[in-house]
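Take a look at the structure below.
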Amino acid sequence: MLNEGKHFTICIVGGGSRYTPGILRMMVHEMGRFPLDKVILYDCEYERQHRVAGYARILMREYAPKTEIVDTTDPAEAFKGIDFAMMQIRAGRMKMRESDEHIALKHGCIGQETCGAGGFAYGMRSIPAVVKLIHQIRQYSPDAWILNYSNPAAIVAEATKRIFPGDYKVINICDMPVGIMSMYAETLHKKPSELEARYFGLNHFGWFTHVYDKETGHDYLPEIRKIYSNMPEDPDDHGLDHSWAETYRFMNKMIREMPDEYLPNTYLQYYLYPQHMLSTENPNYTRANEVMDGSEKRTFEMIDEVIAAGKLKGTKYELDPSDNKDEHATYIVDLAYALSHNTGDVFLCMTENHGIISNFSEGAMVEVPCHMGVHGPEAINVGEIPTFQKGILENQFAYEKLTVDANLEGSYRKAWQALTLNRLVNDKDTAKALLDDYIVANKGYWPELK
Ligand code: G6P
Ligand code: MN
């Protein structure tokens, strides 16, 4: 097999993220089949990343002593001679996510990280940040695979497609469909690796059309629909953050209410039930607050405890060899393996629509199943999609396209059009009020709009 036994060098871009420890643990789990010489953590902020790196060094010393950890804020040191860049940056960090969500709610619109007005504001920050980093990576490692899961991925993908045309080694991906597939797998008493999805849409805006058994080809989708539509409502949050537990409960409702349709991505709750979703949001305590007080805080407390103890082994943070539940992380290592070893395994990722969805805009970055190998993603044909999905997706795509236009051209008019077109705004006056507030809040992050 190609690159059999090769040891890789990986850079985690956004090394200070709360996701980094999970990614590192997964790398440790997979070290046997995907050995790493070096993991470089790169972040523009030294402090936070240095704490994560402290954890990383202890982890590797105990579980993978041959893997070196480097943490740096210097692009030359970070990006030279790497095989993979795994990009998970959040321009403006959680503070700006909070601002995005609060401003949207102030104007009576859904405040959400990647959807609606909040996603627009975040997209306008992400585009310049991601583009700059990809240029820097390409300067030092022209052939590295760049696995980008910085959000809002649909908007970021539309921008990277335009700025780096033909660079098939820039791959935009998301863990949400993987997370949903893992749930299906659990319900069916299968391993996620035994199933393969057929799916179409834009990122955070799509549907599963089939859930195949990899071995037999059997399509489980009708069974899954039946099981989830008949599932009694479970009031227990099962250790999940409350809003995520609600999201999964709502997914069952969507499946129940749309029995003739494909199975929805959880994010469709915002686009198909905006009034309900708005009624559940608290302008004084949004998801950003929940994350800052919840998973982010817990992760950094864990990091500090491990650093203070100087070890994981013999503590409650000791690795459990059977634990591979972190979908976000698993997906990334699996994908890196498929690309570097040319396996052709199927993953959902964003790729340019050239007839894949035959009745959808040419060139749109659609999220579809692709074979992954040395030539990058090679999509599996979807064919024609129904009128409802086509209509709502074209609207969303037009909004995303205009957002990227506005960003790259510095156009106020297009930004206003984009927000007006957004299903979760939908009103010219509201769009203007939002835009004007966001411009003030995002000074230094957004390009100037004229
Ligand atoms: C899923 C999505 C990501 C998103 C995350 C938000 O993993 O695929 O794109 O960023 O959820 O989760 P959070 O815990 O930050 O609300
Ligand atoms: Mn995502």
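Chain identifiers are assigned as A, B, and so on, following the order in which chains appear in the structure tokens; residues are numbered from 1 within each chain, and ligands are numbered from 1 in order of appearance.
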Where does chain A meet ligand 1 within 8 Å, residue by residue, with the nearest atom pair and distance in Å to one decimal for each, counting only C-alpha atoms and all ligand atoms, listed by chain and rising number, as JSON lines?
```
{"residue": "A:Glu113", "atom": "CA", "partner": "ligand 1", "partner_atom_place_in_ligand_line": "10 (O)", "distance": 7.1}
{"residue": "A:Thr114", "atom": "CA", "partner": "ligand 1", "partner_atom_place_in_ligand_line": "9 (O)", "distance": 7.4}
{"residue": "A:Tyr149", "atom": "CA", "partner": "ligand 1", "partner_atom_place_in_ligand_line": "9 (O)", "distance": 7.3}
{"residue": "A:Ser150", "atom": "CA", "partner": "ligand 1", "partner_atom_place_in_ligand_line": "9 (O)", "distance": 7.6}
{"residue": "A:Asn151", "atom": "CA", "partner": "ligand 1", "partner_atom_place_in_ligand_line": "9 (O)", "distance": 6.0}
{"residue": "A:Pro152", "atom": "CA", "partner": "ligand 1", "partner_atom_place_in_ligand_line": "9 (O)", "distance": 7.0}
{"residue": "A:Ala153", "atom": "CA", "partner": "ligand 1", "partner_atom_place_in_ligand_line": "9 (O)", "distance": 7.2}
{"residue": "A:Cys174", "atom": "CA", "partner": "ligand 1", "partner_atom_place_in_ligand_line": "8 (O)", "distance": 5.1}
{"residue": "A:Asp175", "atom": "CA", "partner": "ligand 1", "partner_atom_place_in_ligand_line": "8 (O)", "distance": 4.7}
{"residue": "A:Met176", "atom": "CA", "partner": "ligand 1", "partner_atom_place_in_ligand_line": "8 (O)", "distance": 3.9}
{"residue": "A:Pro177", "atom": "CA", "partner": "ligand 1", "partner_atom_place_in_ligand_line": "8 (O)", "distance": 7.5}
{"residue": "A:Gly179", "atom": "CA", "partner": "ligand 1", "partner_atom_place_in_ligand_line": "7 (O)", "distance": 7.7}
{"residue": "A:His204", "atom": "CA", "partner": "ligand 1", "partner_atom_place_in_ligand_line": "8 (O)", "distance": 7.2}
{"residue": "A:Trp244", "atom": "CA", "partner": "ligand 1", "partner_atom_place_in_ligand_line": "16 (O)", "distance": 7.7}
{"residue": "A:Arg287", "atom": "CA", "partner": "ligand 1", "partner_atom_place_in_ligand_line": "16 (O)", "distance": 5.9}
{"residue": "A:Ala288", "atom": "CA", "partner": "ligand 1", "partner_atom_place_in_ligand_line": "16 (O)", "distance": 6.9}
{"residue": "A:Val291", "atom": "CA", "partner": "ligand 1", "partner_atom_place_in_ligand_line": "14 (O)", "distance": 6.0}
{"residue": "A:Ser295", "atom": "CA", "partner": "ligand 1", "partner_atom_place_in_ligand_line": "14 (O)", "distance": 7.3}
{"residue": "A:His328", "atom": "CA", "partner": "ligand 1", "partner_atom_place_in_ligand_line": "7 (O)", "distance": 6.7}
```
Determine which residues of region 120-337 of chain A DSSP labels as alpha helix (DSSP H) from the backbone of this structure, then write them out as JSON, numbers by chain. {"A": [120, 121, 122, 123, 124, 125, 126, 127, 128, 129, 130, 131, 132, 133, 134, 135, 136, 137, 138, 139, 140, 153, 154, 155, 156, 157, 158, 159, 160, 161, 162, 163, 176, 177, 178, 179, 180, 181, 182, 183, 184, 185, 186, 187, 221, 222, 223, 224, 225, 226, 227, 228, 229, 230, 242, 243, 244, 245, 246, 247, 248, 249, 250, 251, 252, 253, 254, 255, 256, 257, 268, 269, 270, 271, 272, 274, 275, 276, 277, 278, 279, 280, 287, 288, 289, 290, 291, 292, 293, 295, 296, 297, 298, 299, 300, 301, 302, 303, 304, 305, 306, 307, 308, 309, 327, 328, 329, 330, 331, 332, 333, 334, 335, 336, 337]}
Name the residues in contact with His375 (chain A) at a cut-off of 9 Å, using only C-alpha atoms, excluding same-chain residues fewer than 3 positions from it; report them as an NGL selection string. :A and (168-169 or 339 or 342 or 372 or 378)
Just give me the gap between CA of Val156 (chain A) and CA of Gly444 (chain A) in Å, one decimal is fine.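 Rounded to one decimal, the two atoms are 18.5 Å apart.
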Taking into account only C-alpha atoms, which residue in the set A:Arg25, A:Arg90, A:Lys95, A:His50 is nearest to Ala64 (chain A)?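 With only C-alpha atoms as the atom set, the closest residue is A:Arg25.
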Please determine, counting only C-alpha atoms, which residue among A:Glu101, A:Glu290, A:Asp83, A:Asp334 has the shortest atom-to-atom distance to Phe34 (chain A).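 Smallest distance to Phe34 (chain A) is found for A:Asp334.
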Give the answer as one residue: which of A:Leu319, A:Leu202, A:Ala309, A:Ala76 has the shortest atom-to-atom distance to Lys390 (chain A), using only C-alpha atoms?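 Closest residue, counting only C-alpha atoms: A:Leu202.
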One decimal, in Å: what's the spacing between CA of Ile82 (chain A) and CA of Pro128 (chain A)? 22.4 Å
Find the residues around Gly217 (chain A) up to 10 Å (only C-alpha atoms counted), leave out those fewer than 5 positions away in its own chain, and share them as a list in words.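 Near neighbours after the sequence-gap exclusion: Leu195, Glu196, Val211 and Tyr212 of chain A.
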In Å, with one decimal, what is the gap from CA of Gly108 (chain A) to CA of Phe388 (chain A)?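 So the answer is 26.1 Å.
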Just want the 10 Å neighbourhood of Gln136 (chain A), counted on only C-alpha atoms, with same-chain residues fewer than 6 positions away dropped. Output as a list in words.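 Listing them by chain and then by number gives Pro75, Ala76, Ala78, Phe79, Lys80, Val130 and Pro142 of chain A.
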Find the spatial neighbours of Met277 (chain A), counting only C-alpha atoms, within a cut-off of 12 Å - ignore same-chain residues fewer than 5 positions away - and output them as a list in words.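 Contacts, with the query itself left out: Leu105, Gly108, Cys109, Ile110, Gly111, Gln112, Cys115, Gly116, Ser243, Glu246, Thr247, Phe250, Tyr267, Leu268, Gln269, Tyr270, Tyr271, Leu272, Asn282 and Leu424 of chain A.
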Go ahead and write the selection's residues with C-alpha atoms as a short mmCIF file (atom, residue, chain, number, x, y, z; two decimals), in the first residue's frame.
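Ended up saving to out-v7.cif:
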```cif
data_model
loop_
_atom_site.label_atom_id
_atom_site.label_comp_id
_atom_site.auth_asym_id
_atom_site.auth_seq_id
_atom_site.Cartn_x
_atom_site.Cartn_y
_atom_site.Cartn_z
CA LEU A 105 -30.95 37.74 18.85
CA GLY A 108 -35.07 39.03 16.62
CA CYS A 109 -33.11 36.54 14.52
CA ILE A 110 -31.65 33.18 15.43
CA GLY A 111 -28.22 33.52 16.98
CA GLN A 112 -26.17 30.55 15.87
CA CYS A 115 -26.44 29.45 10.57
CA GLY A 116 -28.25 32.67 9.82
CA SER A 243 -28.75 22.18 23.75
CA GLU A 246 -32.41 19.01 22.50
CA THR A 247 -30.96 18.97 18.99
CA PHE A 250 -35.54 17.57 17.55
CA TYR A 267 -28.79 21.80 11.39
CA LEU A 268 -31.95 21.80 9.31
CA GLN A 269 -33.82 22.49 12.54
CA TYR A 270 -32.77 26.13 12.21
CA TYR A 271 -33.84 26.49 8.60
CA LEU A 272 -37.08 24.53 8.70
CA ASN A 282 -31.94 32.93 25.45
CA LEU A 424 -33.18 33.29 8.95
#
```
Proximity to His354 (chain A) - best of A:Ile137, A:Met124, A:Ile12, A:Ala379, only C-alpha atoms: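 Of the candidates, the smallest distance to His354 (chain A) is held by A:Ala379.
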Can you tell me which residues surround Asp320 (chain A) at a distance of at most 12 Å, considering only C-alpha atoms, apart from same-chain residues fewer than 5 positions away, and format the answer as a ChimeraX atom specification? /A:25-26,28-29,63,312-315,325
With N, CA, C and O atoms retained, write the just-selected residues as an mmCIF file, in the first residue's frame.
```cif
data_model
loop_
_atom_site.group_PDB
_atom_site.id
_atom_site.type_symbol
_atom_site.label_atom_id
_atom_site.label_comp_id
_atom_site.auth_asym_id
_atom_site.auth_seq_id
_atom_site.Cartn_x
_atom_site.Cartn_y
_atom_site.Cartn_z
ATOM 1 N N ARG A 25 -5.437 12.591 21.356
ATOM 2 C CA ARG A 25 -5.716 11.250 21.912
ATOM 3 C C ARG A 25 -6.035 10.261 20.792
ATOM 4 O O ARG A 25 -5.590 9.128 20.795
ATOM 5 N N MET A 26 -6.794 10.739 19.823
ATOM 6 C CA MET A 26 -7.127 9.874 18.697
ATOM 7 C C MET A 26 -5.867 9.502 17.913
ATOM 8 O O MET A 26 -5.689 8.372 17.488
ATOM 9 N N VAL A 28 -2.966 9.180 19.125
ATOM 10 C CA VAL A 28 -2.284 8.165 19.929
ATOM 11 C C VAL A 28 -2.925 6.798 19.691
ATOM 12 O O VAL A 28 -2.238 5.808 19.446
ATOM 13 N N HIS A 29 -4.260 6.750 19.700
ATOM 14 C CA HIS A 29 -4.966 5.484 19.456
ATOM 15 C C HIS A 29 -4.595 4.884 18.107
ATOM 16 O O HIS A 29 -4.566 3.674 17.946
ATOM 17 N N TYR A 63 2.425 7.694 26.125
ATOM 18 C CA TYR A 63 1.758 6.755 25.209
ATOM 19 C C TYR A 63 2.409 6.632 23.828
ATOM 20 O O TYR A 63 2.142 5.666 23.129
ATOM 21 N N LEU A 312 -0.861 11.228 33.021
ATOM 22 C CA LEU A 312 -2.245 10.784 32.822
ATOM 23 C C LEU A 312 -2.426 9.402 33.429
ATOM 24 O O LEU A 312 -3.454 9.105 34.021
ATOM 25 N N LYS A 313 -1.400 8.587 33.239
ATOM 26 C CA LYS A 313 -1.483 7.197 33.718
ATOM 27 C C LYS A 313 -1.675 7.170 35.229
ATOM 28 O O LYS A 313 -1.003 7.913 35.958
ATOM 29 N N GLY A 314 -2.616 6.356 35.661
ATOM 30 C CA GLY A 314 -2.886 6.261 37.088
ATOM 31 C C GLY A 314 -3.818 7.356 37.579
ATOM 32 O O GLY A 314 -4.125 7.430 38.759
ATOM 33 N N THR A 315 -4.272 8.235 36.676
ATOM 34 C CA THR A 315 -5.256 9.250 37.065
ATOM 35 C C THR A 315 -6.555 8.967 36.292
ATOM 36 O O THR A 315 -6.596 8.077 35.441
ATOM 37 N N LYS A 325 -14.573 7.342 20.802
ATOM 38 C CA LYS A 325 -15.880 7.958 20.594
ATOM 39 C C LYS A 325 -15.820 9.386 20.072
ATOM 40 O O LYS A 325 -16.830 9.956 19.741
#
```
Which residue, A:Asp167, A:Thr286, A:Pro274, A:Ile23, has the smallest gap to Lys106 (chain A) when you use only C-alpha atoms? A:Thr286
Nearest to ligand 2: which of A:Ala441, A:Met350, A:Ala129, A:Val404 is it, counting only C-alpha atoms and all ligand atoms?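 Ranked by minimum distance to ligand 2, first place goes to A:Met350.
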